[in-house]
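Coordinates as given in protein.cif (mmCIF, C-alpha atoms and all ligand atoms):
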data_run
#
loop_
_atom_site.label_atom_id
_atom_site.label_comp_id
_atom_site.auth_asym_id
_atom_site.auth_seq_id
_atom_site.Cartn_x
_atom_site.Cartn_y
_atom_site.Cartn_z
CA MET H 640 0.00 0.00 0.00
CA GLY H 641 1.30 3.53 -0.82
CA LYS H 642 0.32 7.14 -0.35
CA THR H 643 -3.41 7.70 -0.79
CA SER H 644 -5.39 10.92 -0.93
CA HIS H 645 -5.24 12.48 2.47
CA LEU H 646 -6.31 15.37 4.62
CA ILE H 647 -4.36 17.46 7.14
CA SER H 648 -6.46 19.27 9.74
CA PRO H 649 -6.23 20.53 13.33
CA LEU H 650 -6.32 17.57 15.73
CA ASN H 651 -9.69 17.27 17.44
CA HIS H 652 -11.72 14.73 19.44
CA SER H 653 -13.11 13.06 16.30
CA HIS H 654 -9.62 11.89 15.32
CA ASP H 655 -8.63 8.35 16.29
CA VAL H 656 -5.06 8.26 17.65
CA GLY H 657 -5.28 4.74 19.16
CA ALA H 658 -3.48 2.91 16.35
CA PHE H 659 -0.72 5.48 15.83
CA ALA H 660 2.66 3.76 16.29
CA CYS H 661 6.06 5.43 16.26
CA HIS H 662 9.28 3.65 17.26
CA HIS H 663 10.26 6.92 18.89
CA LYS H 664 7.86 6.46 21.83
CA PRO H 665 7.81 10.08 23.09
CA LEU H 666 6.36 11.13 19.72
CA GLU H 667 3.62 8.47 20.04
CA THR H 668 2.88 9.38 23.66
CA PHE H 669 2.69 13.06 22.87
CA LEU H 670 -0.01 12.50 20.25
CA LYS H 671 -2.03 10.14 22.43
CA ARG H 672 -1.78 11.97 25.76
CA HIS H 673 -0.71 15.57 25.41
CA ALA H 674 -1.55 17.04 22.00
CA LEU H 675 -5.19 17.97 22.68
CA LYS H 676 -4.40 19.26 26.18
CA ASN H 677 -1.63 21.45 24.80
CA ALA H 678 -4.01 22.93 22.25
CA ALA H 679 -6.66 23.58 24.95
CA ASN H 680 -4.00 25.41 26.99
CA ASN H 681 -2.79 27.43 23.98
CA LEU H 682 0.67 25.88 24.21
CA GLY H 683 0.79 24.37 20.76
CA ARG H 684 -1.39 23.29 17.84
CA THR H 685 -1.25 19.79 16.43
CA TYR H 686 -2.17 19.08 12.81
CA ALA H 687 -3.18 15.52 11.99
CA LEU H 688 -2.88 13.65 8.70
CA THR H 689 -5.64 11.14 7.91
CA GLU H 690 -6.17 9.05 4.81
CA ALA H 691 -9.34 9.40 2.74
CA GLY H 692 -12.35 7.85 4.47
CA SER H 693 -10.60 7.31 7.80
CA GLN H 694 -10.28 9.22 11.07
CA SER H 695 -7.14 7.29 12.08
CA VAL H 696 -4.17 9.61 12.44
CA VAL H 697 -1.15 8.41 10.43
CA GLY H 698 1.03 11.50 10.85
CA TYR H 699 1.16 14.80 12.68
CA TYR H 700 3.16 17.90 13.44
CA THR H 701 2.93 20.70 15.99
CA LEU H 702 3.39 24.45 15.80
CA SER H 703 3.95 26.98 18.55
CA ALA H 704 5.28 30.52 18.82
CA THR H 705 8.87 31.02 19.85
CA GLY H 706 11.70 33.52 19.67
CA VAL H 707 15.22 33.01 18.35
CA SER H 708 18.21 34.91 19.62
CA ARG H 709 19.21 37.28 16.83
CA GLY H 710 22.89 36.38 17.19
CA MET H 711 22.18 32.75 16.25
CA ILE H 712 20.86 33.60 12.80
CA PRO H 713 23.46 33.41 10.02
CA GLY H 714 24.03 36.93 8.65
CA HIS H 715 22.58 38.50 11.81
CA GLU H 716 24.92 41.50 11.39
CA PHE H 717 22.65 42.63 8.56
CA LEU H 718 19.34 42.05 10.37
CA PRO H 719 17.19 44.64 12.13
CA ARG H 720 17.97 44.82 15.84
CA TYR H 721 14.99 42.82 17.12
CA ASP H 722 16.11 40.39 19.81
CA PRO H 723 14.74 37.77 20.04
CA MET H 724 13.61 37.51 16.45
CA PRO H 725 9.98 36.33 16.13
CA ALA H 726 9.71 32.74 15.00
CA LEU H 727 7.47 29.70 14.81
CA LEU H 728 8.58 26.31 16.13
CA LEU H 729 7.84 23.09 14.26
CA GLY H 730 8.11 21.21 17.53
CA ARG H 731 7.22 17.64 16.67
CA LEU H 732 6.74 15.75 13.44
CA ALA H 733 6.08 12.06 13.03
CA VAL H 734 4.63 9.59 10.55
CA ASP H 735 3.29 6.19 11.61
CA ASP H 736 5.98 3.49 11.31
CA LYS H 737 3.95 1.61 8.68
CA ARG H 738 3.37 4.72 6.54
CA ARG H 739 6.95 5.99 6.21
CA GLY H 740 8.32 6.70 2.77
CA PHE H 741 4.99 7.50 1.11
CA GLY H 742 5.50 11.28 1.05
CA TYR H 743 3.43 12.05 4.13
CA GLY H 744 6.39 13.65 5.95
CA ARG H 745 6.89 16.02 3.02
CA SER H 746 3.12 16.76 2.91
CA LEU H 747 3.17 17.62 6.63
CA VAL H 748 6.15 19.96 6.20
CA GLY H 749 4.44 21.62 3.22
CA HIS H 750 1.30 22.10 5.31
CA ALA H 751 3.41 23.61 8.11
CA PHE H 752 4.97 26.06 5.61
CA ALA H 753 1.50 27.18 4.49
CA ARG H 754 0.29 27.62 8.10
CA ALA H 755 3.50 29.52 8.96
CA TRP H 756 2.92 31.87 6.06
CA GLU H 757 -0.69 32.47 7.14
CA ALA H 758 0.45 33.14 10.71
CA SER H 759 3.10 35.57 9.45
CA LEU H 760 0.34 37.67 7.90
CA LEU H 761 -1.23 38.09 11.36
CA ALA H 762 1.98 38.62 13.34
CA GLY H 763 5.58 38.96 12.21
CA ILE H 764 7.42 35.65 11.91
CA TYR H 765 10.97 35.75 10.62
CA LEU H 766 11.62 32.02 10.38
CA LEU H 767 10.36 28.49 11.04
CA ALA H 768 12.67 26.68 13.51
CA VAL H 769 13.06 22.96 14.25
CA ASP H 770 15.04 20.96 16.80
CA ALA H 771 15.77 17.67 15.05
CA LYS H 772 15.83 14.92 17.67
CA ASP H 773 18.61 12.93 16.03
CA GLU H 774 20.84 12.65 12.96
CA GLU H 775 18.16 10.81 10.94
CA ALA H 776 15.59 13.53 11.58
CA ARG H 777 18.22 16.15 10.77
CA ALA H 778 18.90 14.46 7.42
CA PHE H 779 15.17 14.58 6.62
CA TYR H 780 14.93 18.29 7.42
CA ILE H 781 18.09 19.12 5.44
CA HIS H 782 16.61 17.14 2.53
CA THR H 783 13.45 19.27 2.71
CA GLY H 784 15.48 22.51 2.62
CA PHE H 785 16.09 23.51 6.25
CA VAL H 786 19.49 25.03 7.06
CA GLU H 787 21.61 25.09 10.20
CA PHE H 788 21.64 27.94 12.67
CA GLY H 789 25.23 26.93 13.36
CA ASP H 790 25.05 26.42 17.14
CA THR H 791 24.35 22.67 17.05
CA PRO H 792 23.86 20.48 13.95
CA LEU H 793 20.33 19.58 15.14
CA HIS H 794 19.03 23.15 15.36
CA LEU H 795 17.69 24.15 11.96
CA PHE H 796 15.48 26.76 10.33
CA PHE H 797 13.69 27.78 7.15
CA PRO H 798 13.48 31.55 6.52
CA MET H 799 9.97 32.94 6.10
CA SER H 800 11.16 34.81 2.99
CA SER H 801 11.99 31.44 1.36
CA ILE H 802 8.62 29.99 2.40
CA VAL H 803 6.84 32.96 0.82
CA SER H 804 8.89 32.67 -2.39
CA MET H 805 8.02 28.97 -2.60
CA LEU H 806 4.30 29.40 -1.99
CA GLN H 807 3.66 32.67 -3.77
CA PRO H 808 3.68 32.45 -7.55
CA PRO H 809 5.87 35.19 -9.11
CA MET H 810 3.97 38.36 -10.10
CA GLY H 811 2.39 38.04 -13.51
CA SER H 812 2.50 34.24 -13.62
CA SER H 813 -0.74 32.44 -14.47
CA GLN H 814 -2.41 30.02 -12.02
CA ASN H 815 -4.29 28.21 -14.83
C1 LIG U 901 11.17 11.89 9.45
C2 LIG U 901 9.78 11.42 8.99
C3 LIG U 901 8.72 12.40 9.51
C4 LIG U 901 9.76 11.40 7.45
O1 LIG U 901 8.45 11.04 7.03
P1 LIG U 901 8.19 10.16 5.71
O2 LIG U 901 6.74 10.20 5.41
O3 LIG U 901 8.84 8.85 5.84
O4 LIG U 901 9.00 11.02 4.61
P2 LIG U 901 8.59 11.24 3.07
O5 LIG U 901 8.17 9.94 2.49
O6 LIG U 901 7.62 12.35 2.98
O7 LIG U 901 9.96 11.70 2.46
C5 LIG U 901 10.10 12.94 1.80
C6 LIG U 901 11.50 13.02 1.25
O8 LIG U 901 12.44 12.98 2.33
C7 LIG U 901 13.36 11.90 2.15
N1 LIG U 901 13.62 11.35 3.47
C8 LIG U 901 12.79 10.70 4.29
N2 LIG U 901 13.40 10.37 5.46
C9 LIG U 901 14.66 10.84 5.33
C10 LIG U 901 15.80 10.83 6.17
N3 LIG U 901 15.77 10.28 7.40
N4 LIG U 901 16.92 11.40 5.70
C11 LIG U 901 17.00 11.97 4.49
N5 LIG U 901 15.95 12.03 3.65
C12 LIG U 901 14.80 11.47 4.07
C13 LIG U 901 12.62 10.92 1.24
O9 LIG U 901 13.53 10.12 0.53
C14 LIG U 901 11.85 11.85 0.34
O10 LIG U 901 12.70 12.36 -0.65
P3 LIG U 901 12.14 12.78 -2.13
O11 LIG U 901 10.81 13.46 -1.94
O12 LIG U 901 13.19 13.68 -2.65
O13 LIG U 901 12.00 11.50 -2.85
C15 LIG U 901 9.47 9.97 9.49
O14 LIG U 901 10.50 9.12 9.07
C16 LIG U 901 9.35 9.86 10.99
O15 LIG U 901 8.26 10.00 11.54
N6 LIG U 901 10.48 9.57 11.68
C17 LIG U 901 10.46 9.35 13.14
C18 LIG U 901 10.20 10.59 13.90
C19 LIG U 901 11.14 11.71 13.54
O16 LIG U 901 12.34 11.50 13.36
N7 LIG U 901 10.59 12.91 13.45
C20 LIG U 901 11.35 14.11 13.19
C21 LIG U 901 11.03 15.06 14.29
S1 LIG U 901 12.41 15.56 15.25
#

Full structure transcribed into structure tokens:
Amino acid sequence: MGKTSHLISPLNHSHDVGAFACHHKPLETFLKRHALKNAANNLGRTYALTEAGSQSVVGYYTLSATGVSRGMIPGHEFLPRYDPMPALLLGRLAVDDKRRGFGYGRSLVGHAFARAWEASLLAGIYLLAVDAKDEEARAFYIHTGFVEFGDTPLHLFFPMSSIVSMLQPPMGSSQN
């Protein structure tokens, strides 16, 4: 079985998280025990990926507001003197063990980019940050275009300006 048509939406009580399995247990536990509570307490939003016709969650990611020390950003000498710089944190990202390699991870990151852009229209957001939990996760994020802050290899970001360029068609181009 491969990737099927799917939906990504804010996690809510109608989603079924019972079957979600991730070899990295904290990511499984977070979805099952903490994700809805965090949303209710305005600590973070979880977005759930479900396949067509099912409420079973097969992937998810979380977003929350954060700030990044200006001095950590490459080229900070040329940035305005806001410190910390406003940012969004892609805090957790996981795909069910049996659904890896079907493109769902990339879909979730693409969805996070679109949400980050929307959020940046309501409040300034300079970049989307991630803390990769290990070398394998880091390799995935690098593959999807994230770059290093430079403090530790696992701390990565995607500039909002690059997200906007990716999502916004150039002026004058046709959407047909
Ligand atoms: C990392 C993870 C989310 C990727 O999800 P996935 O659905 O398997 O990834 P996709 O199928 O969407 O892969 C998208 C692209 O990334 C590449 N990719 C996937 N995992 C990769 C890895 N570990 N390193 C490098 N590239 C990777 C794929 O080859 C694919 O490349 P292509 O589109 O150019 O062909 C998933 O493996 C996972 O849940 N891992 C455990 C939890 C984790 O590490 N989460 C990261 C949070 S810190």

For a quick check of your reading of the model, name the residues lying within 10 Å of the coordinate (3.6, 9.0, 18.6), counting only C-alpha atoms, and write them as a list in words. Val656, Gly657, Ala658, Phe659, Ala660, Cys661, His662, His663, Lys664, Pro665, Leu666, Glu667, Thr668, Phe669, Leu670, Lys671, Arg672, Val696, Val697, Gly698, Tyr699, Arg731, Leu732, Ala733, Val734, Asp735 and Asp736 of chain H

Top pick for closest residue to H:Leu702, considering H:Thr783, H:Ser746, H:Asn681, H:Thr689 and counting all atoms listed in the file: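 Going through H:Thr783, H:Ser746, H:Asn681, H:Thr689 one by one, the smallest distance to H:Leu702 is for H:Asn681.
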
6 Å from ligand LIG 901 (chain U) is the threshold here; counting all atoms listed in the file, which polymer residues fall inside it? Answer as a PyMOL selection string. chain H and resi 731-734+739-745+771-772+775-776+778-779+782

So, with all atoms listed in the file as the atoms that count, which of H:Asn677, H:Gly683, H:Leu766, H:Ala753 lies closest to H:Arg709?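 Residue with the minimum atom-to-atom distance to H:Arg709: H:Leu766.
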
When you draw a straight line from atom CA of H:Asn680 to atom CA of H:Tyr700, how long is it in Å?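 Separation between atom CA of H:Asn680 and atom CA of H:Tyr700: 17.1 Å.
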
Tell me, in Å to one decimal, how far atom CA of H:Thr791 is from atom CA of H:Leu806.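 About the pair atom CA of H:Thr791 and atom CA of H:Leu806: they are 28.5 Å apart.
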
Once 6 Å is added on each side, what centre and edge lengths in Å to one decimal does the axis-aligned box around all listed atoms of stretch 776-789 of chain H have, as JSON?
{"center_x": 19.3, "center_y": 20.7, "center_z": 7.9, "size_x": 23.8, "size_y": 26.4, "size_z": 22.8}
